[in-house]
$ cat final35.csv   # CSV, C-alpha atoms and all ligand atoms
chain,number,residue,atom,x,y,z
A,7,MET,CA,-19.7,12.1,-7.2
A,8,THR,CA,-16.9,12.2,-4.7
A,9,ALA,CA,-15.4,8.9,-3.9
A,10,ARG,CA,-13.1,8.6,-0.9
A,11,LEU,CA,-11.8,5.1,-0.9
A,12,ALA,CA,-9.0,3.3,1.0
A,13,ILE,CA,-7.3,0.0,0.3
A,14,LEU,CA,-5.5,-1.6,3.3
A,15,GLY,CA,-3.7,-4.9,3.6
A,16,PRO,CA,-0.5,-6.5,4.8
A,17,PRO,CA,2.8,-6.3,2.8
A,18,ALA,CA,2.6,-7.3,-0.8
A,19,SER,CA,-1.2,-7.9,-0.6
A,20,GLY,CA,-1.5,-6.0,-4.0
A,21,LYS,CA,-2.6,-2.7,-2.5
A,22,GLY,CA,-0.7,-0.6,-5.0
A,23,THR,CA,-1.8,-2.6,-8.1
A,24,GLN,CA,-5.5,-2.6,-7.1
A,25,ALA,CA,-5.5,1.0,-5.9
A,26,SER,CA,-4.0,2.2,-9.1
A,27,ARG,CA,-6.5,0.2,-11.2
A,28,LEU,CA,-9.5,1.4,-9.2
A,29,ALA,CA,-8.3,5.1,-9.3
A,30,GLU,CA,-7.9,4.9,-13.1
A,31,ARG,CA,-11.3,3.3,-13.5
A,32,ARG,CA,-13.0,6.0,-11.4
A,33,GLY,CA,-10.9,8.9,-12.8
A,34,ILE,CA,-9.6,9.9,-9.3
A,35,SER,CA,-6.2,10.1,-7.8
A,36,HIS,CA,-4.2,7.2,-6.4
A,37,VAL,CA,-2.5,8.3,-3.2
A,38,SER,CA,0.1,5.8,-1.9
A,39,THR,CA,1.8,7.0,1.3
A,40,GLY,CA,4.5,4.3,0.7
A,41,ASP,CA,5.2,5.8,-2.8
A,42,LEU,CA,5.2,9.4,-1.4
A,43,LEU,CA,7.6,8.3,1.4
A,44,ARG,CA,9.9,6.5,-0.9
A,45,ALA,CA,10.0,9.5,-3.3
A,46,ALA,CA,10.8,11.8,-0.4
A,47,ALA,CA,13.5,9.4,0.8
A,48,VAL,CA,15.1,9.2,-2.7
A,49,ALA,CA,14.9,13.0,-3.1
A,50,ALA,CA,16.5,13.3,0.4
A,51,THR,CA,14.1,15.9,1.6
A,52,PRO,CA,14.2,16.6,5.3
A,53,LEU,CA,11.0,14.6,5.8
A,54,GLY,CA,12.4,11.8,3.6
A,55,GLN,CA,15.6,11.6,5.5
A,56,ARG,CA,13.7,11.3,8.8
A,57,ALA,CA,11.4,8.6,7.4
A,58,ALA,CA,14.0,6.5,5.7
A,59,PRO,CA,15.4,4.6,8.7
A,60,TYR,CA,11.9,3.6,9.8
A,61,MET,CA,11.1,2.2,6.4
A,62,GLU,CA,14.4,0.3,6.1
A,63,ARG,CA,13.6,-1.5,9.4
A,64,GLY,CA,10.0,-2.2,8.4
A,65,ASP,CA,8.6,0.0,11.1
A,66,LEU,CA,5.8,2.4,10.6
A,67,VAL,CA,6.9,6.0,9.9
A,68,PRO,CA,5.7,8.3,12.8
A,69,ASP,CA,2.2,9.7,12.2
A,70,ALA,CA,3.2,13.4,12.1
A,71,LEU,CA,5.5,12.8,9.1
A,72,VAL,CA,2.9,10.7,7.2
A,73,LEU,CA,0.1,13.2,7.9
A,74,GLU,CA,2.3,16.1,6.7
A,75,LEU,CA,2.8,14.3,3.4
A,76,VAL,CA,-0.8,13.3,2.8
A,77,GLU,CA,-2.6,16.4,4.1
A,78,ASP,CA,-2.9,18.2,0.8
A,79,GLU,CA,-3.9,15.0,-1.1
A,80,LEU,CA,-6.9,14.5,1.2
A,81,GLN,CA,-8.4,17.9,0.1
A,82,ASP,CA,-8.9,16.7,-3.5
A,83,ALA,CA,-12.5,17.4,-4.1
A,84,ALA,CA,-12.9,14.8,-6.8
A,85,GLY,CA,-12.0,12.0,-4.3
A,86,PHE,CA,-9.1,9.5,-4.1
A,87,VAL,CA,-8.1,6.0,-3.6
A,88,LEU,CA,-5.8,5.9,-0.5
A,89,ASP,CA,-3.3,3.1,-0.6
A,90,GLY,CA,-1.8,2.1,2.8
A,91,PHE,CA,-3.4,5.0,4.6
A,92,PRO,CA,-4.7,5.4,7.3
A,93,ARG,CA,-2.7,2.6,8.9
A,94,THR,CA,-3.1,3.5,12.6
A,95,GLU,CA,-6.1,4.6,14.7
A,96,SER,CA,-4.4,8.0,15.2
A,97,GLN,CA,-3.9,8.5,11.5
A,98,TYR,CA,-7.6,7.8,11.0
A,99,ALA,CA,-8.6,10.2,13.9
A,100,ALA,CA,-6.5,12.9,12.3
A,101,MET,CA,-8.4,12.7,9.0
A,102,ASP,CA,-10.8,15.6,8.6
A,103,VAL,CA,-12.7,14.0,5.6
A,104,PRO,CA,-14.8,10.8,5.8
A,105,LEU,CA,-14.1,7.5,4.1
A,106,ASP,CA,-16.9,6.2,1.9
A,107,GLU,CA,-15.5,2.7,1.5
A,108,VAL,CA,-12.6,0.6,2.7
A,109,VAL,CA,-11.3,-2.5,1.1
A,110,VAL,CA,-9.0,-4.9,3.1
A,111,LEU,CA,-7.0,-7.2,0.8
A,112,ASP,CA,-6.3,-10.4,2.7
A,113,VAL,CA,-3.3,-12.7,1.9
A,114,PRO,CA,-1.6,-15.2,4.1
A,115,GLU,CA,1.8,-14.3,5.5
A,116,GLN,CA,3.5,-17.1,3.5
A,117,GLU,CA,2.1,-15.8,0.2
A,118,SER,CA,3.1,-12.3,1.1
A,119,VAL,CA,6.7,-13.3,1.8
A,120,ARG,CA,6.9,-15.3,-1.5
A,121,ARG,CA,5.6,-12.3,-3.4
A,122,VAL,CA,7.9,-9.8,-1.7
A,123,THR,CA,11.1,-11.7,-2.1
A,124,GLY,CA,10.5,-12.1,-5.9
A,125,ARG,CA,9.2,-8.5,-6.4
A,126,ARG,CA,11.2,-6.2,-8.6
A,127,VAL,CA,10.3,-2.5,-9.2
A,128,CYS,CA,11.4,0.1,-11.7
A,129,PRO,CA,12.1,3.7,-10.5
A,130,GLU,CA,8.8,4.8,-12.2
A,131,GLY,CA,6.9,2.3,-10.0
A,132,HIS,CA,6.1,-0.5,-12.5
A,133,VAL,CA,6.1,-3.8,-10.6
A,134,TYR,CA,7.2,-7.4,-11.6
A,135,HIS,CA,7.7,-10.8,-10.0
A,136,VAL,CA,10.7,-12.8,-11.1
A,137,ASP,CA,8.7,-16.0,-11.4
A,138,HIS,CA,5.1,-15.0,-11.8
A,139,ASP,CA,5.2,-11.8,-13.8
A,140,PRO,CA,8.7,-11.5,-15.2
A,141,PRO,CA,9.7,-8.6,-17.6
A,142,GLU,CA,10.5,-9.6,-21.2
A,143,VAL,CA,14.2,-8.8,-20.7
A,144,PRO,CA,15.4,-9.9,-17.2
A,145,GLY,CA,16.1,-6.9,-15.0
A,146,VAL,CA,14.6,-4.3,-17.4
A,147,CYS,CA,11.2,-2.6,-17.2
A,148,ASP,CA,9.0,-3.4,-20.2
A,149,VAL,CA,7.4,0.0,-20.1
A,150,ASP,CA,10.3,2.4,-19.9
A,151,GLY,CA,13.4,0.4,-20.2
A,152,GLU,CA,14.6,1.4,-16.7
A,153,PRO,CA,16.6,-1.1,-14.6
A,154,LEU,CA,14.6,-3.1,-12.1
A,155,GLU,CA,15.6,-3.2,-8.4
A,156,GLN,CA,14.5,-4.9,-5.3
A,157,ARG,CA,12.9,-2.5,-2.8
A,158,ALA,CA,15.2,-2.1,0.3
A,159,ASP,CA,12.3,-3.2,2.6
A,160,ASP,CA,11.5,-6.3,0.5
A,161,ARG,CA,14.0,-8.5,2.4
A,162,GLU,CA,12.4,-11.4,4.3
A,163,GLU,CA,13.3,-10.2,7.8
A,164,VAL,CA,12.0,-6.7,7.1
A,165,VAL,CA,8.8,-8.1,5.7
A,166,ARG,CA,8.3,-10.1,8.9
A,167,ARG,CA,8.6,-6.8,10.8
A,168,ARG,CA,6.1,-5.1,8.5
A,169,TRP,CA,3.7,-7.9,9.3
A,170,GLU,CA,4.1,-7.3,13.0
A,171,GLU,CA,3.3,-3.6,12.4
A,172,TYR,CA,0.2,-4.6,10.4
A,173,GLU,CA,-1.0,-6.9,13.2
A,174,ASP,CA,-0.2,-4.5,16.0
A,175,GLN,CA,-1.4,-1.2,14.4
A,176,THR,CA,-3.6,-1.8,11.4
A,177,ARG,CA,-5.7,-4.7,12.5
A,178,PRO,CA,-7.0,-2.7,15.5
A,179,LEU,CA,-7.8,0.2,13.1
A,180,ILE,CA,-9.8,-2.2,10.9
A,181,ALA,CA,-11.8,-3.4,14.0
A,182,LEU,CA,-12.4,0.2,14.9
A,183,LEU,CA,-13.7,1.1,11.4
A,184,GLU,CA,-16.0,-1.9,11.6
A,185,ASP,CA,-17.3,-0.8,15.0
A,186,GLU,CA,-17.9,2.7,13.7
A,187,GLY,CA,-20.0,1.3,10.8
A,188,VAL,CA,-17.6,2.5,8.0
A,189,SER,CA,-18.5,0.5,4.9
A,190,LEU,CA,-15.7,-2.0,4.8
A,191,GLY,CA,-15.2,-5.3,3.0
A,192,HIS,CA,-12.6,-8.0,3.0
A,193,VAL,CA,-11.4,-9.2,-0.4
A,194,ASP,CA,-9.3,-12.3,-1.0
A,195,GLY,CA,-6.0,-10.9,-2.4
A,196,CYS,CA,-4.8,-14.3,-3.7
A,197,GLY,CA,-4.8,-15.2,-7.4
A,198,HIS,CA,-4.2,-13.2,-10.6
A,199,PRO,CA,-4.4,-9.4,-10.3
A,200,ASP,CA,-7.3,-9.4,-12.8
A,201,GLU,CA,-9.3,-11.8,-10.6
A,202,VAL,CA,-8.6,-9.7,-7.5
A,203,ALA,CA,-9.6,-6.5,-9.4
A,204,GLU,CA,-12.9,-8.2,-10.2
A,205,ARG,CA,-13.5,-9.0,-6.5
A,206,VAL,CA,-12.6,-5.4,-5.6
A,207,ALA,CA,-14.9,-4.0,-8.2
A,208,ALA,CA,-17.7,-6.2,-6.9
A,209,GLN,CA,-17.1,-4.9,-3.5
A,210,VAL,CA,-17.0,-1.1,-4.2
A,211,ASP,CA,-19.3,-0.7,-7.3
B,1,LIG,P1,3.9,0.2,1.5
B,1,LIG,O1,4.4,0.7,0.2
B,1,LIG,O2,2.5,0.6,1.7
B,1,LIG,O3,4.2,-1.2,1.8
B,1,LIG,O4,4.7,1.0,2.7
B,1,LIG,C1,6.1,0.9,2.8
B,1,LIG,C2,6.6,1.5,4.1
B,1,LIG,O5,6.3,2.9,4.1
B,1,LIG,C3,6.0,0.9,5.4
B,1,LIG,O6,6.6,-0.3,5.8
B,1,LIG,C4,6.2,2.1,6.3
B,1,LIG,O7,7.5,2.1,6.8
B,1,LIG,C5,5.9,3.3,5.4
B,1,LIG,N1,4.5,3.7,5.4
B,1,LIG,C6,3.7,3.7,4.3
B,1,LIG,N2,2.5,4.1,4.6
B,1,LIG,C7,2.5,4.4,5.9
B,1,LIG,C8,1.6,4.9,6.9
B,1,LIG,N3,0.3,5.2,6.5
B,1,LIG,N4,2.0,5.1,8.1
B,1,LIG,C9,3.2,4.8,8.5
B,1,LIG,N5,4.1,4.3,7.7
B,1,LIG,C10,3.8,4.1,6.4
$ encode --input "final35.csv" --output "structure tokens"
Amino acid sequence: MTARLAILGPPASGKGTQASRLAERRGISHVSTGDLLRAAAVAATPLGQRAAPYMERGDLVPDALVLELVEDELQDAAGFVLDGFPRTESQYAAMDVPLDEVVVLDVPEQESVRRVTGRRVCPEGHVYHVDHDPPEVPGVCDVDGEPLEQRADDREEVVRRRWEEYEDQTRPLIALLEDEGVSLGHVDGCGHPDEVAERVAAQVD
């Protein structure tokens, strides 16, 4: 059965972790527009070069660029778990496939800032927290031995800006989805990722 799911939430709410677990469990693809944009920026493609300054400031990347990146992924007949897309009313309006289920991960801003400033990532996308989920060897990924880095947009002032974008652009979209009767549930994103995964499963299964 096709499953077209989306996980939304403010910065460091655990979207990536939960979307990847859910996608694995369902055997469908995990589509993170943040990951796709970061990969395009690192590869310095024309699209990546245009998107990078927005991401560094914590602004949303213009819809046209994001839609270009995600277009093909939305045609996956088996379904997908979208992570951080759609994020604006116009991105949602541009989708030509329906969403079966939307999960909104809620965390307070203070918790999000705490998570972000301690977050470290490896180039392959494995995620750690210096205090709450440290790697065995400081600064080195347990899985592939790659050096860990702080995401350029994980500085406190940039996170505050990402929150403003969430409040200004994504909250109105969530209200619209609710008005339209899209199946949507809020899940408490606080606590251990395993606990949050159980709440997400209870919401979508
Ligand atoms: P994320 O990894 O979801 O936290 O996204 C990181 C950054 O990528 C955001 O702060 C935006 O600059 C950009 N981004 C990711 N997804 C979108 C989207 N759907 N629309 C616009 N910008 C996005």
$ residues_near_ligand --input "final35.csv" --ligand "ligand LIG 1 (chain B)" --cutoff "8 Å" --atoms "all atoms listed in the file" --output "count of residues only"
33
$ closest_residue --input "final35.csv" --among "A:Met101, A:Arg120, A:Glu155, A:Gln81" --to "His132 (chain A)" --atoms "all atoms listed in the file"
A:Glu155
$ residues_around --input "final35.csv" --residues "Ala25 (chain A)" --least-positions-apart "3" --cutoff "10 Å" --atoms "all atoms listed in the file" --output "list in words"
Leu11, Ala12, Ile13, Leu14, Gly20, Lys21, Gly22, Leu28, Ala29, Glu30, Arg31, Ser35, His36, Val37, Ser38, Phe86, Val87, Leu88, Asp89, Gly90, Val109, Ala203 and Val206 of chain A
$ closest_residue --input "final35.csv" --among "A:Gln209, A:Arg166, A:Glu95, A:Val133" --to "Gln116 (chain A)" --atoms "only C-alpha atoms"
A:Arg166
$ residues_around --input "final35.csv" --residues "His135 (chain A)" --least-positions-apart "2" --cutoff "10 Å" --atoms "all atoms listed in the file" --output "PyMOL selection string"
chain A and resi 120-127+133+137-141
$ atom_distance --input "final35.csv" --atom1 "CA of Val188 (chain A)" --atom2 "CA of Glu170 (chain A)"
24.3 Å
$ closest_residue --input "final35.csv" --among "A:Gly85, A:Val110, A:Gly54, A:Pro104" --to "Val202 (chain A)" --atoms "all atoms listed in the file"
A:Val110
$ residues_around --input "final35.csv" --residues "Gly151 (chain A)" --least-positions-apart "6" --cutoff "10 Å" --atoms "only C-alpha atoms" --output "short mmCIF file (atom, residue, chain, number, x, y, z; two decimals) with C-alpha atoms, in the coordinates of the input"
data_model
loop_
_atom_site.label_atom_id
_atom_site.label_comp_id
_atom_site.auth_asym_id
_atom_site.auth_seq_id
_atom_site.Cartn_x
_atom_site.Cartn_y
_atom_site.Cartn_z
CA CYS A 128 11.40 0.10 -11.70
CA VAL A 143 14.20 -8.80 -20.70
CA GLY A 145 16.10 -6.90 -15.00
#
$ decode --input "final35.csv" --residues "region 165-194 of chain A" --atoms "N, CA, C and O atoms" --output "short mmCIF file (atom, residue, chain, number, x, y, z; two decimals), in the first residue's frame"
data_model
loop_
_atom_site.label_atom_id
_atom_site.label_comp_id
_atom_site.auth_asym_id
_atom_site.auth_seq_id
_atom_site.Cartn_x
_atom_site.Cartn_y
_atom_site.Cartn_z
N VAL A 165 19.71 29.37 14.67
CA VAL A 165 18.58 28.55 15.10
C VAL A 165 17.38 29.43 15.46
O VAL A 165 16.24 29.10 15.14
N ARG A 166 17.65 30.57 16.09
CA ARG A 166 16.55 31.50 16.42
C ARG A 166 15.85 31.95 15.13
O ARG A 166 14.64 32.06 15.08
N ARG A 167 16.63 32.23 14.10
CA ARG A 167 16.05 32.64 12.82
C ARG A 167 15.25 31.48 12.21
O ARG A 167 14.17 31.69 11.64
N ARG A 168 15.75 30.23 12.31
CA ARG A 168 15.03 29.07 11.77
C ARG A 168 13.68 28.92 12.51
O ARG A 168 12.68 28.54 11.91
N TRP A 169 13.68 29.24 13.81
CA TRP A 169 12.41 29.20 14.57
C TRP A 169 11.43 30.23 14.04
O TRP A 169 10.24 29.97 13.93
N GLU A 170 11.94 31.44 13.73
CA GLU A 170 11.04 32.48 13.20
C GLU A 170 10.39 32.01 11.91
O GLU A 170 9.19 32.21 11.69
N GLU A 171 11.20 31.39 11.05
CA GLU A 171 10.65 30.87 9.79
C GLU A 171 9.59 29.81 10.07
O GLU A 171 8.57 29.75 9.37
N TYR A 172 9.84 28.98 11.07
CA TYR A 172 8.86 27.94 11.42
C TYR A 172 7.54 28.58 11.86
O TYR A 172 6.46 28.20 11.40
N GLU A 173 7.65 29.58 12.73
CA GLU A 173 6.44 30.25 13.23
C GLU A 173 5.70 30.97 12.10
O GLU A 173 4.48 30.91 12.01
N ASP A 174 6.47 31.66 11.24
CA ASP A 174 5.86 32.51 10.20
C ASP A 174 5.31 31.71 9.02
O ASP A 174 4.32 32.10 8.42
N GLN A 175 6.03 30.64 8.65
CA GLN A 175 5.68 29.94 7.40
C GLN A 175 5.04 28.57 7.65
O GLN A 175 4.10 28.20 6.96
N THR A 176 5.60 27.81 8.60
CA THR A 176 5.15 26.42 8.71
C THR A 176 3.94 26.29 9.62
O THR A 176 3.05 25.49 9.33
N ARG A 177 3.86 27.10 10.68
CA ARG A 177 2.65 27.02 11.52
C ARG A 177 1.37 27.31 10.74
O ARG A 177 0.39 26.59 10.90
N PRO A 178 1.38 28.36 9.89
CA PRO A 178 0.17 28.58 9.08
C PRO A 178 -0.15 27.39 8.17
O PRO A 178 -1.31 27.07 7.93
N LEU A 179 0.89 26.74 7.64
CA LEU A 179 0.65 25.56 6.80
C LEU A 179 -0.01 24.45 7.62
O LEU A 179 -0.96 23.81 7.15
N ILE A 180 0.46 24.25 8.85
CA ILE A 180 -0.12 23.21 9.72
C ILE A 180 -1.60 23.51 9.97
O ILE A 180 -2.45 22.62 9.90
N ALA A 181 -1.91 24.78 10.19
CA ALA A 181 -3.31 25.17 10.41
C ALA A 181 -4.14 24.89 9.15
O ALA A 181 -5.27 24.40 9.22
N LEU A 182 -3.55 25.16 7.99
CA LEU A 182 -4.24 24.90 6.72
C LEU A 182 -4.51 23.40 6.54
O LEU A 182 -5.61 23.00 6.15
N LEU A 183 -3.50 22.58 6.83
CA LEU A 183 -3.67 21.12 6.69
C LEU A 183 -4.79 20.64 7.61
O LEU A 183 -5.62 19.81 7.21
N GLU A 184 -4.83 21.20 8.83
CA GLU A 184 -5.89 20.81 9.77
C GLU A 184 -7.25 21.23 9.21
O GLU A 184 -8.20 20.45 9.23
N ASP A 185 -7.32 22.45 8.69
CA ASP A 185 -8.59 22.95 8.12
C ASP A 185 -9.06 22.09 6.96
O ASP A 185 -10.25 21.89 6.75
N GLU A 186 -8.09 21.61 6.18
CA GLU A 186 -8.44 20.82 5.00
C GLU A 186 -8.78 19.38 5.34
O GLU A 186 -9.11 18.59 4.47
N GLY A 187 -8.62 19.01 6.61
CA GLY A 187 -8.98 17.66 7.03
C GLY A 187 -7.92 16.62 6.73
O GLY A 187 -8.18 15.42 6.75
N VAL A 188 -6.67 17.06 6.43
CA VAL A 188 -5.57 16.10 6.25
C VAL A 188 -5.33 15.44 7.60
O VAL A 188 -5.36 16.11 8.64
N SER A 189 -5.12 14.13 7.60
CA SER A 189 -4.88 13.42 8.85
C SER A 189 -3.55 13.90 9.45
O SER A 189 -2.49 13.72 8.85
N LEU A 190 -3.63 14.55 10.60
CA LEU A 190 -2.44 15.20 11.16
C LEU A 190 -2.45 15.04 12.68
O LEU A 190 -3.48 15.26 13.32
N GLY A 191 -1.32 14.61 13.22
CA GLY A 191 -1.25 14.47 14.67
C GLY A 191 0.00 15.12 15.22
O GLY A 191 1.06 15.08 14.59
N HIS A 192 -0.15 15.75 16.39
CA HIS A 192 1.01 16.32 17.08
C HIS A 192 1.59 15.26 18.00
O HIS A 192 0.84 14.57 18.70
N VAL A 193 2.91 15.14 17.99
CA VAL A 193 3.59 14.16 18.84
C VAL A 193 4.63 14.92 19.68
O VAL A 193 5.36 15.76 19.14
N ASP A 194 4.66 14.61 20.96
CA ASP A 194 5.66 15.23 21.84
C ASP A 194 7.05 14.71 21.46
O ASP A 194 7.31 13.52 21.54
#
